[in-house]
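See below for entry_3.cif, which holds mmCIF, C-alpha atoms.
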```cif
data_structure
loop_
_atom_site.label_atom_id
_atom_site.label_comp_id
_atom_site.auth_asym_id
_atom_site.auth_seq_id
_atom_site.Cartn_x
_atom_site.Cartn_y
_atom_site.Cartn_z
CA MET A 8 56.50 -18.10 25.51
CA TRP A 9 58.23 -18.09 22.13
CA ARG A 10 55.34 -20.12 20.60
CA ASN A 11 52.74 -17.67 21.91
CA SER A 12 54.63 -14.78 20.39
CA ALA A 13 54.87 -16.54 17.05
CA SER A 14 51.16 -17.44 17.00
CA ARG A 15 50.11 -13.89 17.80
CA SER A 16 52.25 -12.51 15.00
CA SER A 17 50.64 -14.87 12.48
CA LYS A 18 47.11 -13.63 13.17
CA LEU A 19 45.16 -11.44 10.73
CA ILE A 20 43.52 -8.19 11.62
CA TRP A 21 39.82 -7.74 10.75
CA ASN A 22 38.12 -4.45 11.65
CA GLY A 23 40.81 -3.84 14.22
CA TYR A 24 40.51 -7.24 15.90
CA ALA A 25 42.82 -10.23 15.79
CA LEU A 26 41.52 -13.33 14.01
CA SER A 27 43.43 -16.50 13.35
CA PRO A 28 43.75 -17.85 9.78
CA SER A 29 41.91 -21.01 10.79
CA SER A 30 38.82 -19.02 11.84
CA LEU A 31 38.87 -17.08 8.57
CA SER A 32 39.10 -20.28 6.53
CA THR A 33 36.19 -21.68 8.54
CA LEU A 34 34.07 -18.62 7.77
CA ARG A 35 35.07 -18.80 4.12
CA SER A 36 34.12 -22.48 3.83
CA SER A 37 30.70 -21.92 5.46
CA ARG A 38 27.97 -22.32 2.84
CA SER A 39 25.38 -20.37 4.79
CA VAL A 40 27.37 -17.13 4.55
CA PRO A 41 27.41 -15.43 1.14
CA ASN A 42 30.66 -13.82 0.02
CA SER A 43 28.82 -10.56 -0.45
CA VAL A 44 28.05 -10.47 3.27
CA PHE A 45 31.55 -11.30 4.48
CA PRO A 46 34.14 -10.41 1.84
CA LEU A 47 37.19 -12.14 3.26
CA SER A 48 39.29 -11.02 0.34
CA SER A 49 39.10 -7.51 1.68
CA VAL A 50 40.64 -8.52 5.01
CA PRO A 51 44.20 -7.20 5.05
CA ALA A 52 46.91 -9.52 6.21
CA VAL A 53 49.54 -8.13 8.55
CA ALA A 54 52.92 -9.60 7.87
CA SER A 55 55.07 -9.92 10.96
CA PRO A 56 58.64 -8.73 10.44
CA SER A 57 61.40 -11.07 11.40
CA HIS A 58 62.80 -10.26 14.80
CA SER A 59 65.67 -11.77 16.61
CA PRO A 60 65.12 -13.39 19.96
CA SER A 61 66.94 -10.52 21.50
CA ASP A 62 64.38 -8.03 20.26
CA PRO A 63 62.83 -6.39 23.34
CA SER A 64 59.40 -6.30 21.66
CA LYS A 65 59.45 -10.07 21.49
CA LEU A 66 60.16 -10.27 25.16
CA GLY A 67 57.20 -8.10 25.93
CA PHE A 68 59.10 -4.88 26.71
CA LEU A 69 58.51 -1.56 25.05
CA PRO A 70 61.54 -0.25 23.21
CA GLY A 71 62.88 3.02 24.41
CA ARG A 72 61.70 2.41 27.96
CA SER A 73 64.48 2.30 30.51
CA ASP A 74 62.28 1.58 33.48
CA GLY A 75 61.76 -2.06 32.46
CA ILE A 76 58.00 -1.96 32.94
CA ARG A 77 56.38 -4.84 31.10
CA ALA A 78 53.86 -3.86 28.37
CA LEU A 79 50.43 -5.31 28.14
CA SER A 80 50.05 -8.20 25.71
CA SER A 81 47.88 -7.97 22.61
CA VAL A 82 45.71 -10.98 23.50
CA PRO A 83 42.05 -9.90 22.91
CA SER A 84 39.67 -9.95 25.83
CA PRO A 85 36.38 -11.91 25.68
CA ALA A 86 34.45 -8.66 25.05
CA ALA A 87 36.74 -7.87 22.12
CA VAL A 88 36.19 -11.30 20.62
CA ASP A 89 32.38 -10.80 20.69
CA ILE A 90 32.50 -7.52 18.75
CA PRO A 91 33.43 -9.07 15.36
CA SER A 92 30.67 -11.64 15.71
CA LEU A 93 28.24 -8.85 16.53
CA THR A 94 29.36 -6.89 13.47
CA TYR A 95 29.00 -9.97 11.35
CA GLY A 96 25.47 -10.52 12.71
CA VAL A 97 24.51 -6.98 11.80
CA GLN A 98 25.84 -7.45 8.26
CA LEU A 99 24.00 -10.75 7.93
CA ALA A 100 20.72 -9.21 9.13
CA ARG A 101 21.17 -6.33 6.71
CA HIS A 102 21.82 -8.72 3.84
CA TYR A 103 18.74 -10.85 4.41
CA GLY A 104 16.62 -7.81 5.19
CA GLN A 105 17.47 -6.43 1.76
CA CYS A 106 16.75 -9.82 0.18
CA PHE A 107 13.34 -10.07 1.84
CA TRP A 108 12.56 -6.46 0.84
CA GLU A 109 13.22 -7.28 -2.82
CA LEU A 110 11.58 -10.69 -2.62
CA SER A 111 8.29 -9.25 -1.35
CA LYS A 112 8.37 -6.35 -3.86
CA ALA A 113 7.84 -3.99 -0.95
CA ARG A 114 6.96 -0.91 -2.99
CA LEU A 115 4.32 -2.78 -4.98
CA SER A 116 2.98 -4.30 -1.75
CA MET A 117 2.71 -0.83 -0.20
CA LEU A 118 0.69 0.32 -3.21
CA VAL A 119 -1.66 -2.61 -2.62
CA VAL A 120 -1.92 -1.58 1.04
CA ALA A 121 -2.77 2.00 -0.01
CA THR A 122 -5.67 0.80 -2.17
CA SER A 123 -6.91 -1.48 0.61
CA GLY A 124 -6.72 1.36 3.15
CA THR A 125 -8.63 3.67 0.82
CA GLY A 126 -11.37 1.07 0.47
CA TYR A 127 -11.50 0.71 4.25
CA VAL A 128 -11.99 4.45 4.76
CA LEU A 129 -14.67 4.61 2.07
CA GLY A 130 -16.57 1.72 3.63
CA SER A 131 -16.34 3.06 7.18
CA GLY A 132 -19.10 5.63 6.90
CA SER A 133 -19.01 8.62 9.24
CA ALA A 134 -16.53 7.12 11.75
CA VAL A 135 -13.26 5.37 10.89
CA ASP A 136 -11.94 2.68 13.22
CA PHE A 137 -8.19 3.42 13.09
CA ALA A 138 -7.26 0.24 14.94
CA GLY A 139 -9.20 -1.83 12.42
CA LEU A 140 -7.58 0.17 9.60
CA CYS A 141 -4.11 -0.67 10.94
CA TRP A 142 -4.93 -4.37 11.32
CA THR A 143 -6.36 -4.51 7.80
CA CYS A 144 -3.32 -2.77 6.27
CA ALA A 145 -0.91 -5.04 8.16
CA GLY A 146 -2.71 -8.21 7.07
CA THR A 147 -2.92 -6.99 3.48
CA MET A 148 0.80 -6.21 3.47
CA MET A 149 1.66 -9.71 4.65
CA VAL A 150 -0.58 -11.42 2.10
CA ALA A 151 0.74 -9.24 -0.73
CA ALA A 152 4.35 -9.96 0.30
CA SER A 153 3.61 -13.68 0.31
CA ALA A 154 2.04 -13.56 -3.16
CA ASN A 155 4.96 -11.59 -4.62
CA SER A 156 7.48 -13.96 -3.03
CA LEU A 157 5.77 -17.04 -4.46
CA ASN A 158 5.69 -15.29 -7.84
CA GLN A 159 9.47 -14.99 -7.79
CA VAL A 160 9.90 -18.58 -6.61
CA PHE A 161 7.99 -19.85 -9.64
CA GLU A 162 9.79 -17.54 -12.08
CA ILE A 163 13.45 -18.04 -11.14
CA LYS A 164 14.52 -19.27 -14.57
CA ASN A 165 12.53 -16.60 -16.40
CA ASP A 166 13.85 -13.82 -14.20
CA ALA A 167 17.42 -14.97 -14.81
CA LEU A 168 16.95 -14.36 -18.56
CA MET A 169 15.66 -10.79 -18.21
CA LYS A 170 17.85 -7.74 -17.66
CA ARG A 171 15.18 -6.13 -15.49
CA THR A 172 14.92 -9.06 -13.05
CA ARG A 173 18.20 -10.98 -13.17
CA ASN A 174 19.52 -9.23 -10.06
CA ARG A 175 16.63 -10.35 -7.84
CA PRO A 176 17.58 -12.41 -4.77
CA LEU A 177 16.74 -15.84 -6.21
CA PRO A 178 18.26 -15.56 -9.72
CA SER A 179 21.38 -13.90 -8.36
CA GLY A 180 21.89 -16.60 -5.72
CA ARG A 181 21.72 -14.27 -2.74
CA MET A 182 18.93 -16.37 -1.24
CA SER A 183 17.95 -20.02 -1.51
CA VAL A 184 14.58 -21.32 -2.63
CA PRO A 185 13.75 -22.98 0.72
CA GLN A 186 14.35 -19.69 2.49
CA ALA A 187 12.03 -17.86 0.07
CA VAL A 188 9.33 -20.53 0.39
CA ALA A 189 9.55 -20.45 4.19
CA PHE A 190 9.25 -16.66 4.19
CA ALA A 191 6.29 -16.66 1.79
CA SER A 192 4.44 -19.37 3.70
CA SER A 193 4.96 -17.78 7.11
CA VAL A 194 3.90 -14.25 6.17
CA GLY A 195 0.99 -15.51 4.10
CA LEU A 196 -0.43 -17.60 6.93
CA ALA A 197 0.21 -14.84 9.46
CA GLY A 198 -1.52 -12.21 7.33
CA THR A 199 -4.54 -14.41 6.66
CA ALA A 200 -4.85 -15.30 10.35
CA MET A 201 -4.59 -11.63 11.31
CA LEU A 202 -7.41 -10.68 8.95
CA ALA A 203 -9.52 -13.57 10.22
CA CYS A 204 -9.09 -12.51 13.85
CA LYS A 205 -9.35 -8.74 13.46
CA THR A 206 -11.79 -8.22 10.54
CA ASN A 207 -14.32 -10.71 9.16
CA MET A 208 -14.49 -13.79 6.99
CA MET A 209 -15.43 -11.87 3.86
CA ALA A 210 -12.21 -9.84 3.97
CA THR A 211 -10.21 -12.96 4.87
CA GLY A 212 -11.68 -14.90 1.97
CA LEU A 213 -10.91 -12.09 -0.47
CA ALA A 214 -7.30 -11.95 0.74
CA ALA A 215 -6.77 -15.71 0.53
CA SER A 216 -8.41 -15.98 -2.89
CA ASN A 217 -6.32 -13.10 -4.19
CA LEU A 218 -3.12 -14.82 -3.04
CA VAL A 219 -4.11 -18.02 -4.83
CA LEU A 220 -5.22 -16.16 -7.94
CA TYR A 221 -1.96 -14.22 -8.21
CA ALA A 222 0.54 -16.95 -7.35
CA PHE A 223 -1.10 -20.03 -8.84
CA VAL A 224 -3.19 -18.66 -11.75
CA TYR A 225 -1.73 -15.37 -12.96
CA THR A 226 1.93 -16.39 -12.59
CA PRO A 227 1.82 -19.55 -14.77
CA LEU A 228 -0.59 -17.88 -17.19
CA LYS A 229 2.06 -15.30 -18.06
CA GLN A 230 3.90 -18.00 -20.00
CA ILE A 231 0.77 -19.34 -21.71
CA HIS A 232 -1.50 -16.56 -23.04
CA PRO A 233 -1.71 -12.73 -23.19
CA VAL A 234 -4.98 -12.87 -21.23
CA ASN A 235 -2.76 -12.87 -18.14
CA THR A 236 -2.91 -9.05 -18.17
CA TRP A 237 -6.66 -9.05 -17.56
CA VAL A 238 -6.35 -11.72 -14.86
CA GLY A 239 -3.71 -9.57 -13.19
CA ALA A 240 -6.09 -6.62 -13.36
CA VAL A 241 -8.66 -8.63 -11.40
CA VAL A 242 -5.98 -9.35 -8.79
CA GLY A 243 -5.24 -5.65 -8.46
CA ALA A 244 -8.91 -4.73 -8.14
CA ILE A 245 -9.59 -7.00 -5.14
CA PRO A 246 -7.63 -5.14 -2.38
CA PRO A 247 -9.93 -2.06 -2.22
CA LEU A 248 -12.91 -4.40 -2.06
CA LEU A 249 -11.13 -6.23 0.75
CA GLY A 250 -10.76 -2.97 2.67
CA TRP A 251 -14.41 -2.07 2.16
CA ALA A 252 -15.52 -5.51 3.37
CA ALA A 253 -13.30 -5.22 6.45
CA ALA A 254 -14.81 -1.85 7.37
CA SER A 255 -18.47 -2.58 6.59
CA GLY A 256 -18.67 -5.96 8.31
CA GLY A 257 -18.61 -7.92 5.09
CA GLN A 258 -21.36 -5.98 3.29
CA ILE A 259 -20.75 -5.47 -0.44
CA SER A 260 -22.81 -2.85 -2.25
CA LEU A 261 -22.73 -1.00 -5.55
CA ASN A 262 -20.76 1.82 -3.95
CA SER A 263 -18.00 -0.59 -3.02
CA MET A 264 -17.38 -1.34 -6.71
CA ILE A 265 -16.33 2.17 -7.76
CA LEU A 266 -12.73 2.01 -6.58
CA PRO A 267 -12.18 -1.64 -7.70
CA ALA A 268 -13.50 -0.70 -11.14
CA ALA A 269 -11.06 2.20 -11.30
CA LEU A 270 -8.21 -0.14 -10.31
CA TYR A 271 -9.21 -2.71 -12.91
CA PHE A 272 -9.43 -0.29 -15.85
CA TRP A 273 -6.33 1.61 -14.72
CA GLN A 274 -4.10 -1.46 -14.76
CA ILE A 275 -4.69 -2.16 -18.45
CA PRO A 276 -3.01 1.00 -19.85
CA HIS A 277 -0.42 0.81 -17.07
CA PHE A 278 0.70 -2.71 -17.99
CA MET A 279 0.29 -2.19 -21.72
CA ALA A 280 2.76 0.67 -21.56
CA LEU A 281 5.16 -1.41 -19.45
CA ALA A 282 4.84 -4.44 -21.72
CA TYR A 283 5.57 -2.34 -24.81
CA MET A 284 8.62 -0.70 -23.27
CA CYS A 285 10.04 -4.05 -22.10
CA ARG A 286 8.77 -6.19 -24.96
CA HIS A 287 12.24 -7.48 -25.90
CA ASP A 288 12.95 -8.35 -22.29
CA TYR A 289 9.62 -10.16 -21.96
CA ALA A 290 10.38 -12.10 -25.14
CA ALA A 291 13.74 -13.17 -23.72
CA GLY A 292 12.04 -14.30 -20.50
CA GLY A 293 9.46 -16.40 -22.31
CA TYR A 294 6.37 -14.39 -21.32
CA LYS A 295 3.32 -14.11 -23.57
CA MET A 296 2.31 -10.47 -23.79
CA LEU A 297 0.02 -8.71 -26.23
CA SER A 298 2.81 -6.38 -27.29
CA LEU A 299 4.95 -9.28 -28.56
CA ALA A 300 2.44 -10.21 -31.24
CA ASP A 301 1.77 -6.54 -32.09
CA THR A 302 4.64 -5.40 -34.28
CA SER A 303 3.14 -2.00 -35.06
CA GLY A 304 2.05 -1.28 -31.48
CA ARG A 305 -1.33 0.12 -32.51
CA ARG A 306 -3.31 -2.75 -31.09
CA THR A 307 -1.60 -2.36 -27.74
CA ALA A 308 -2.28 1.37 -27.79
CA MET A 309 -5.93 0.83 -28.76
CA VAL A 310 -6.49 -1.52 -25.83
CA ALA A 311 -4.97 1.06 -23.49
CA LEU A 312 -7.07 3.89 -24.96
CA ARG A 313 -10.30 1.88 -24.73
CA ASN A 314 -9.80 1.17 -21.04
CA CYS A 315 -8.97 4.82 -20.39
CA ILE A 316 -12.33 5.77 -21.87
CA TYR A 317 -14.01 3.24 -19.61
CA MET A 318 -12.75 5.21 -16.61
CA VAL A 319 -14.47 8.47 -17.63
CA PRO A 320 -17.93 7.79 -16.06
CA LEU A 321 -16.53 6.56 -12.73
CA GLY A 322 -16.46 10.03 -11.20
CA PHE A 323 -20.05 10.70 -12.26
CA MET A 324 -21.13 7.33 -10.84
CA ALA A 325 -19.44 8.11 -7.53
CA TYR A 326 -21.35 11.42 -7.42
CA GLU A 327 -24.70 9.86 -8.33
CA LEU A 328 -24.32 7.10 -5.74
CA GLY A 329 -23.60 9.66 -3.03
CA MET A 330 -19.99 8.60 -2.44
CA ALA A 331 -18.36 11.90 -3.40
CA SER A 332 -19.28 15.47 -4.15
CA GLY A 333 -19.61 17.14 -7.51
CA TRP A 334 -16.05 18.44 -7.28
CA PHE A 335 -14.73 14.90 -7.44
CA CYS A 336 -16.85 14.27 -10.52
CA LEU A 337 -15.17 17.22 -12.23
CA GLU A 338 -11.66 16.35 -11.05
CA SER A 339 -12.01 12.71 -12.02
CA SER A 340 -13.20 13.61 -15.50
CA VAL A 341 -10.27 15.95 -16.10
CA LEU A 342 -7.80 13.39 -14.74
CA THR A 343 -9.20 10.58 -16.88
CA LEU A 344 -9.18 12.72 -20.01
CA ALA A 345 -5.51 13.50 -19.34
CA ILE A 346 -4.48 9.85 -19.24
CA ALA A 347 -6.73 9.15 -22.23
CA ALA A 348 -4.89 11.90 -24.13
CA SER A 349 -1.57 10.23 -23.44
CA ALA A 350 -3.02 6.91 -24.65
CA PHE A 351 -4.30 8.59 -27.81
CA SER A 352 -0.87 10.08 -28.41
CA PHE A 353 0.59 6.60 -28.05
CA TYR A 354 -1.96 5.30 -30.54
CA ARG A 355 -1.11 7.96 -33.12
CA GLU A 356 2.63 7.38 -32.72
CA PRO A 357 3.34 3.96 -31.16
CA THR A 358 6.91 4.48 -29.98
CA THR A 359 8.74 3.65 -26.79
CA GLU A 360 8.86 7.32 -25.82
CA LYS A 361 5.08 7.69 -26.11
CA ALA A 362 4.57 4.49 -24.16
CA ARG A 363 6.83 5.84 -21.41
CA LYS A 364 4.75 9.03 -21.22
CA MET A 365 1.56 6.99 -20.88
CA PHE A 366 3.25 4.90 -18.19
CA HIS A 367 4.17 8.02 -16.20
CA ALA A 368 0.64 9.39 -16.63
CA SER A 369 -0.75 6.14 -15.20
CA LEU A 370 1.56 6.46 -12.21
CA LEU A 371 0.11 9.90 -11.48
CA TYR A 372 -3.51 8.91 -12.05
CA LEU A 373 -4.00 6.40 -9.25
CA PRO A 374 -2.77 8.40 -6.22
CA ILE A 375 -4.58 11.53 -7.38
CA PHE A 376 -7.81 9.59 -7.94
CA MET A 377 -7.68 7.98 -4.49
CA ALA A 378 -6.75 11.25 -2.79
CA GLY A 379 -9.64 13.01 -4.53
CA ILE A 380 -12.27 10.47 -3.58
CA LEU A 381 -11.06 10.57 0.03
CA LEU A 382 -11.04 14.35 0.11
CA HIS A 383 -14.52 14.77 -1.38
CA ARG A 384 -16.15 11.66 0.04
CA GLN A 385 -19.62 11.86 1.51
CA THR A 386 -20.43 9.52 4.35
CA GLU A 387 -23.40 7.24 3.98
CA MET A 388 -25.38 6.63 7.18
CA SER A 389 -26.40 3.15 8.12
CA THR A 390 -30.04 2.14 8.47
CA ASP A 391 -30.04 2.40 12.27
CA GLU A 392 -28.35 5.81 12.21
CA LEU A 393 -30.77 7.06 9.57
CA SER A 394 -33.87 5.85 11.46
CA SER A 395 -32.65 7.33 14.74
CA SER A 396 -31.91 10.69 13.13
CA MET A 397 -35.34 10.72 11.47
CA SER A 398 -37.09 9.92 14.76
CA VAL A 399 -35.22 12.71 16.50
CA GLU A 400 -36.18 15.11 13.74
CA VAL A 401 -39.87 14.13 14.00
CA GLU A 402 -39.82 14.61 17.77
CA ASP A 403 -38.26 18.04 17.38
CA ARG A 404 -40.97 19.06 14.92
CA GLU A 405 -43.74 17.83 17.24
CA ASP A 406 -42.25 19.79 20.15
CA GLU A 407 -42.05 22.90 18.04
CA ARG A 408 -45.66 22.56 16.96
CA SER A 409 -46.87 22.06 20.52
CA ARG A 410 -44.94 25.12 21.70
CA SER A 411 -46.37 27.31 18.94
CA HIS A 412 -49.89 26.07 19.65
CA ALA A 413 -49.53 26.79 23.36
CA LYS A 414 -48.22 30.28 22.61
CA LYS A 415 -51.18 31.08 20.38
CA LYS A 416 -53.58 29.81 23.01
CA GLU A 417 -51.98 32.03 25.65
CA LEU A 418 -52.28 35.09 23.40
CA LEU A 419 -55.95 34.41 22.78
CA ASP A 420 -56.74 33.73 26.40
CA GLY A 421 -54.76 36.75 27.66
CA SER A 422 -53.34 34.82 30.54
CA ASN A 423 -50.13 36.78 30.38
CA PHE A 424 -51.85 40.17 30.91
CA GLY A 425 -54.48 39.32 33.52
CA THR A 426 -57.34 40.35 31.19
CA ARG A 427 -58.95 38.59 28.30
CA VAL A 428 -57.90 39.77 24.88
CA ARG A 429 -60.71 40.82 22.56
CA ALA A 430 -60.76 39.71 18.97
CA PRO A 431 -60.45 42.45 16.29
CA VAL A 432 -63.84 41.61 14.85
CA ALA A 433 -65.44 42.13 18.24
CA TYR A 434 -63.91 45.61 18.57
CA ALA A 435 -65.21 46.59 15.19
CA SER A 436 -68.71 45.34 15.83
CA VAL A 437 -69.35 47.54 18.86
CA ALA A 438 -69.08 51.11 17.58
CA PRO A 439 -69.00 51.29 13.78
CA PHE A 440 -71.71 48.76 13.15
CA PRO A 441 -74.34 48.87 15.93
CA PHE A 442 -76.75 46.76 13.94
CA LEU A 443 -74.45 43.71 14.41
CA PRO A 444 -75.00 41.64 17.54
CA ALA A 445 -72.58 42.55 20.28
CA PRO A 446 -70.25 39.91 21.73
CA SER A 447 -71.09 38.46 25.06
CA TYR A 448 -68.22 40.12 26.93
CA VAL A 449 -69.39 43.65 25.83
CA SER A 450 -72.54 43.39 27.84
CA SER A 451 -70.56 42.22 30.83
#
```

Re-express the file's structure as structure tokens.
Amino acid sequence: MWRNSASRSSKLIWNGYALSPSSLSTLRSSRSVPNSVFPLSSVPAVASPSHSPSDPSKLGFLPGRSDGIRALSSVPSPAAVDIPSLTYGVQLARHYGQCFWELSKARLSMLVVATSGTGYVLGSGSAVDFAGLCWTCAGTMMVAASANSLNQVFEIKNDALMKRTRNRPLPSGRMSVPQAVAFASSVGLAGTAMLACKTNMMATGLAASNLVLYAFVYTPLKQIHPVNTWVGAVVGAIPPLLGWAAASGGQISLNSMILPAALYFWQIPHFMALAYMCRHDYAAGGYKMLSLADTSGRRTAMVALRNCIYMVPLGFMAYELGMASGWFCLESSVLTLAIAASAFSFYREPTTEKARKMFHASLLYLPIFMAGILLHRQTEMSTDELSSSMSVEVEDREDERSRSHAKKKELLDGSNFGTRVRAPVAYASVAPFPFLPAPSYVSS
């Protein structure tokens, strides 16, 4: 009895529950639990005051009670023991959920999903299959998360040298490399399999090739040559084409290239502005960007301005190809001239502030462009739909002609009045001009 009382007094209290020091040391020594998840240093220790054996609290009696009723002991019940483990599980799930969110670059992946969904709607024609749209977006999200995760696996050392990326899960040690590789492999395979089962092989091939291009070509090329920016632009232009292929059954046409072209040209000023603002950070990380070799910044600004000009005719092309109305042509031209103006301002005065303004303008351009082409889109009928509508129209015209012909015949025959209707020339030839031969019905 005295030993049980002493052992209970030596326990520590964590979140209101009694834990022994041995269990805390076991949790602390566990390598699979980061200190950030379970900060044992914050667990307050409760020092037990020294009591004499004659202390009634030691004997299990409440002081001040004269009835001698024995108090309940403080030994936790099995349900109480499970609550700390449940709380710990919630904290662990929250920790790794945050790590996976950052590892997959969730916000960037959602932007990729938005471009793929826009391409799907544009390629759907007059009717949009919402179930197919959801499957395509889910598969694209998984493949994009896999590509971004592999990108961070290959760039751990570089990210650790940059202020902008040193707090990512892998450089900061919040997640191990095997865990990141397992996550990237599983979501990549699952996303590719989902697209293969729910869409078509063209969309699946575009997704798989984009993953390989981003993780195994663009990522190592960033440390070799500045051409990596243009390779990355190709990677960003594929998702809307993927969505179009998923909606159209794998058919790629000239109309399907409008949105990918906009994505390709848009990424150049977007990344040029980012590379100029973070040029010192990129130099510390060992990346080869165009802005590092451009001390004045004018060459970087000229490349951005040139690609902004390339985006000007896209709205007119969408209108000429029947994808969107004339309003989109006007809106797209104004929007492109606005981002081109910010690029020209950056060219005239190549400073970090001007580059930041061009970066913000690029962030506004893409969602407005996609919203405009969706709002003013014009559906393109398929060949079967067009032929059926033309045949129905021809049949309607034939019916209308036959009805009008029958009506004229009834008026001439006089079948509606019970007597035959005489022609105007016949009326005039009876009285005013008697020298003309009379019609046959006059004599009758």

inquiry  = On this structure, the PyMOL selection byres ((chain A and resi 175) around 9) would catch which residues? List them as JSON, numbers by chain, sorted by chain and number.
reply    = {"A": [106, 109, 110, 159, 163, 166, 167, 171, 172, 173, 174, 176, 177, 178, 179, 180, 181]}

ask   = How far is it from atom CA of A:Leu270 to atom CA of A:Val224, in Å with one decimal?
value =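 Pair atom CA of A:Leu270 / atom CA of A:Val224 returns 19.2 Å.
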
request  = Figure out the distance between atom CA of A:Pro247 and atom CA of A:Thr122, please, to one decimal in Å.
outcome  =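 Result for atom CA of A:Thr122 versus atom CA of A:Pro247: 5.1 Å, one decimal.
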
Take the PyMOL selection byres ((chain A and resi 285) around 12), apply it to the structure above, and return the hits as a JSON list (two decimals) with C-alpha atoms, keeping the file's coordinate frame.
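Contents of out_33.json, freshly written:
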```
[["chain", "number", "residue", "atom", "x", "y", "z"],
["A", 169, "MET", "CA", 15.66, -10.79, -18.21],
["A", 170, "LYS", "CA", 17.85, -7.74, -17.66],
["A", 171, "ARG", "CA", 15.18, -6.13, -15.49],
["A", 172, "THR", "CA", 14.92, -9.06, -13.05],
["A", 278, "PHE", "CA", 0.70, -2.71, -17.99],
["A", 279, "MET", "CA", 0.29, -2.19, -21.72],
["A", 280, "ALA", "CA", 2.76, 0.67, -21.56],
["A", 281, "LEU", "CA", 5.16, -1.41, -19.45],
["A", 282, "ALA", "CA", 4.84, -4.44, -21.72],
["A", 283, "TYR", "CA", 5.57, -2.34, -24.81],
["A", 284, "MET", "CA", 8.62, -0.70, -23.27],
["A", 286, "ARG", "CA", 8.77, -6.19, -24.96],
["A", 287, "HIS", "CA", 12.24, -7.48, -25.90],
["A", 288, "ASP", "CA", 12.95, -8.35, -22.29],
["A", 289, "TYR", "CA", 9.62, -10.16, -21.96],
["A", 290, "ALA", "CA", 10.38, -12.10, -25.14],
["A", 291, "ALA", "CA", 13.74, -13.17, -23.72],
["A", 292, "GLY", "CA", 12.04, -14.30, -20.50],
["A", 294, "TYR", "CA", 6.37, -14.39, -21.32],
["A", 296, "MET", "CA", 2.31, -10.47, -23.79],
["A", 297, "LEU", "CA", 0.02, -8.71, -26.23],
["A", 298, "SER", "CA", 2.81, -6.38, -27.29],
["A", 299, "LEU", "CA", 4.95, -9.28, -28.56],
["A", 359, "THR", "CA", 8.74, 3.65, -26.79],
["A", 362, "ALA", "CA", 4.57, 4.49, -24.16],
["A", 363, "ARG", "CA", 6.83, 5.84, -21.41],
["A", 366, "PHE", "CA", 3.25, 4.90, -18.19]]
```

message = One number please: atom CA of A:Leu328 to atom CA of A:Lys205, in Å, one decimal.
response =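 Straight-line distance from atom CA of A:Leu328 to atom CA of A:Lys205 works out to 29.0 Å.
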
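When the distance limit is 8 Å and all atoms listed in the file are what count, the residues near A:His277, minus those fewer than 5 positions from it on the same chain, are Ala311, Met365, Phe366, Ser369 and Leu370 of chain A.
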
task = Counting all atoms listed in the file, figure out which residue out of A:Gly250, A:Asp136, A:Gln98, A:Thr226 gets nearest to A:Gly124.
result = A:Gly250

inquiry  = Assuming the chain letters and numbering stay as they are in my file, what does the PyMOL selection byres ((chain A and resi 234) around 12) actually select? List them as a ChimeraX atom specification.
reply    = /A:224-233,235-241,275,279,294-298

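Around A:Gly130, within 10 Å and counting all atoms listed in the file, the residues found are A:Gly124, A:Thr125, A:Gly126, A:Tyr127, A:Ser133, A:Ala134, A:Val135, A:Pro247, A:Leu248, A:Gly250, A:Trp251, A:Ala252, A:Ala253, A:Ala254, A:Ser255, A:Gly256, A:Gly257, A:Gln258, A:Ile259, A:Ser260, A:Asn262, A:Ser263, A:Met330, A:Thr386, A:Glu387, once anything fewer than 3 positions away on its own chain is removed.
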
I need the chosen residues saved as a compact mmCIF listing (two decimals), in the coordinates of the input, with C-alpha atoms.
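Below you can see result.txt, which holds the result:
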```
# COMPACT_ATOMS: atom_id res chain seq x y z
CA GLY A 124 -6.72 1.36 3.15
CA THR A 125 -8.63 3.67 0.82
CA GLY A 126 -11.37 1.07 0.47
CA TYR A 127 -11.50 0.71 4.25
CA SER A 133 -19.01 8.62 9.24
CA ALA A 134 -16.53 7.12 11.75
CA VAL A 135 -13.26 5.37 10.89
CA PRO A 247 -9.93 -2.06 -2.22
CA LEU A 248 -12.91 -4.40 -2.06
CA GLY A 250 -10.76 -2.97 2.67
CA TRP A 251 -14.41 -2.07 2.16
CA ALA A 252 -15.52 -5.51 3.37
CA ALA A 253 -13.30 -5.22 6.45
CA ALA A 254 -14.81 -1.85 7.37
CA SER A 255 -18.47 -2.58 6.59
CA GLY A 256 -18.67 -5.96 8.31
CA GLY A 257 -18.61 -7.92 5.09
CA GLN A 258 -21.36 -5.98 3.29
CA ILE A 259 -20.75 -5.47 -0.44
CA SER A 260 -22.81 -2.85 -2.25
CA ASN A 262 -20.76 1.82 -3.95
CA SER A 263 -18.00 -0.59 -3.02
CA MET A 330 -19.99 8.60 -2.44
CA THR A 386 -20.43 9.52 4.35
CA GLU A 387 -23.40 7.24 3.98
```

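Proximity ranking of A:Pro91, A:Pro185, A:Gly139, A:Gly322 relative to A:Ala203 places A:Gly139 first, based on only C-alpha atoms.
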
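Counting only C-alpha atoms, the residue from A:Gly333, A:Gly104, A:Pro320, A:Gly146 that sits nearest to A:Leu202 is A:Gly146.
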
key: Shortest interatomic distance to A:Val128 - which of A:Ser411, A:Ser349, A:Ser183, A:Gln385, counting all atoms listed in the file   = A:Gln385

task = Please identify all polymer residues lying at most 9 Å from the point (-8.9, 10.5, -17.4) (file coordinates), using all atoms listed in the file, and present the result as a PyMOL selection string.
result = chain A and resi 315-316+318-319+339-348+372
